[in-house]
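First the structure, in the form of structure tokens, and then the observations on it.
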Amino acid sequence: MRLSVLDQAPITKGNTAADALKKAEELAIVADELGYQRLWMAEHHGTNGYGSSAPEVTAAHLAAKTKNIRIGTGGVMMMHYSPLKLAEVFKTLSALSPGRIDFGVGRAPGGDTNAMYALSEGRQPMLDNMYEKFDTALKLINDEVPEDRLYSKTIATPAQIALPEAWLLGSSGSSALKAARMGVGYSFAQFFMGGMTKDIFDHYKTNFQPSAFMEKPEINVAYLVTTAETKEEAEFEALPQDIARLWLTQGRMGQLLTPEEAQDYPLTEMDRMAIKENRKLHLVGEAKEIATFLQEEQAHYGFDEAMICSIPHSQEKRLDVYRLLAKELF
């Protein structure tokens, strides 16, 4: 099975945003050495819980620090940027690291309403043109003339570069058909809300039209994973993430607790029931158990690679997750 990495540059308790970005660099280097397929940086705004607000900038740095692993965004949030700017950024990245860049895009804001309006300088964000914007950016990247008149009289530089791979992110299946018809990869965020079905992926594959960006359909699925040498240790490391998801459902955001703090955190019976339910979206256990589960999921749903997001408080424990899974699956 191909494995990849999704990194949100989490700012865990007692660490700074600068620490989180330095740890993203360390993770990229380790993942490269282990043989992971790709590493994507997420885009988050208006939070002190994640340090990845400019994934395209981080991607440039990580590409320079690694040798073989593909580097990209998972994803850059299209609503905040012009298709021309998107095209020029990713053409530049691809010119500097040919054959190793992924242009992964999402339609969400990546932050709350305050951040969304601040990024649009107070203007009403355009929320209903995401697919058209993506199509325009793809044409500009491929040195084509877009249909949109606003972008039909300019070019995106640098021109004539090796194309990045293009990917559309989704969490409900609604964008699968769009990804297929555009001839781009489809990335399903299973750890968001669940809801993965074989029909979504079959629909994507059946309707896929080859493009300059991708010759055949490609699907990856993002999972939140906490694993360790023993199930007990995995459970210990996983609880802070369980509490963080609980906070999210309550409209709260904060830095990830230490495992020790999480053990002492006051949880009601209702909280514990919610955490148990949310474990459907958080894979916790020994590495062999998680590896077997991922292989079974791949066999059933027919995706091509698993993208692992893991957020233990300790950087060494986080790196161990990727090491342990690589040992089981490579």
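Residue numbering restarts at 1 in every chain; chains get A, B, ... in the order shown in the structure tokens, and ligands count up from 1 in that same order.
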| message | I need the residues in segment 197-267 of chain A that are helix (DSSP H, G or I) according to DSSP; give them as a PyMOL selection string. | response | chain A and resi 198-207+231-249+259-263
| said: Need to verify the contact set: segment 43-50 of chain A, 8 Å, only C-alpha atoms, exclusion of same-chain residues closer than 5 positions in sequence. Can you return it as number ranges by chain? | reply: A: 8-12, 17, 20, 55, 73-77, 110-112, 114-115, 253-256
| request: Find the residues near segment 143-146 of chain A: any atom within 12 Å, counting only C-alpha atoms, skip ones fewer than 4 places away on the same chain, and give them as a PyMOL selection string. | output: chain A and resi 83-84+87-88+91+132-139+150-163+212
Quick one: contact table of segment 84-162 of chain A to segment 185-206 of chain A, 12 Å max, nearest atom pair and distance in Å to one decimal per residue, counting only C-alpha atoms, chain and number order, as JSON lines?
```
{"residue": "A:Asp102", "atom": "CA", "partner": "A:Gly185", "partner_atom": "CA", "distance": 9.9}
{"residue": "A:Phe103", "atom": "CA", "partner": "A:Gly185", "partner_atom": "CA", "distance": 9.9}
{"residue": "A:Gly104", "atom": "CA", "partner": "A:Ser187", "partner_atom": "CA", "distance": 8.6}
{"residue": "A:Val105", "atom": "CA", "partner": "A:Ser187", "partner_atom": "CA", "distance": 9.6}
{"residue": "A:Gly106", "atom": "CA", "partner": "A:Ser187", "partner_atom": "CA", "distance": 9.7}
```
| task | Measuring atom to atom with only C-alpha atoms, identify which of A:Lys85, A:Lys288, A:Lys67, A:Arg2 is nearest to Asp304 of chain A. | result | A:Arg2
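On the backbone of this structure, DSSP gives strand (DSSP E) within segment 83-122 of chain A to A:Ile101, A:Asp102, A:Phe103, A:Gly104, A:Val105, A:Gly106.
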Include N, CA and C atoms and write out the residues we just selected as a tab-separated table (two decimals), in the first residue's frame.
```tsv
chain	number	residue	atom	x	y	z
A	101	ILE	N	5.71	18.11	-7.22
A	101	ILE	CA	4.77	19.06	-6.61
A	101	ILE	C	3.32	18.64	-6.87
A	102	ASP	N	2.49	18.76	-5.82
A	102	ASP	CA	1.06	18.48	-5.92
A	102	ASP	C	0.27	19.76	-5.66
A	103	PHE	N	-0.62	20.08	-6.60
A	103	PHE	CA	-1.52	21.22	-6.47
A	103	PHE	C	-2.85	20.70	-5.95
A	104	GLY	N	-2.97	20.64	-4.62
A	104	GLY	CA	-4.19	20.13	-3.98
A	104	GLY	C	-5.03	21.28	-3.49
A	105	VAL	N	-6.32	21.30	-3.85
A	105	VAL	CA	-7.17	22.43	-3.52
A	105	VAL	C	-8.43	21.98	-2.77
A	106	GLY	N	-8.93	22.89	-1.92
A	106	GLY	CA	-10.17	22.65	-1.21
A	106	GLY	C	-11.11	23.83	-1.36
```
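Checking A:Phe236, A:Tyr36, A:Phe330, A:Phe208 one by one against Gly285 of chain A, counting only C-alpha atoms, you find the shortest gap at A:Phe236.
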| said: I want to know what sits within 12 Å of Ala244 of chain A, based on only C-alpha atoms, with residues of the same chain fewer than 4 positions away left out; could you give that as an NGL selection string? | reply: :A and (10 or 12-13 or 49 or 238-240 or 248-259 or 262 or 265 or 271 or 274-275 or 278 or 282 or 311-313)
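As for atom CA of Ser310 of chain A and atom CA of Asp7 of chain A, they are spaced 7.8 Å apart.
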| query | How many Å separate atom CA of Leu21 of chain A from atom CA of Glu56 of chain A? | reply | 12.9 Å
| task | To one decimal in Å, tell me the separation between atom CA of Ala54 of chain A and atom CA of Leu224 of chain A. | result | 21.6 Å
| query | Pick the closest to Leu127 of chain A from A:Gly173, A:Pro266, A:Pro109, A:Pro210: which is it, counting only C-alpha atoms? | reply | A:Pro109
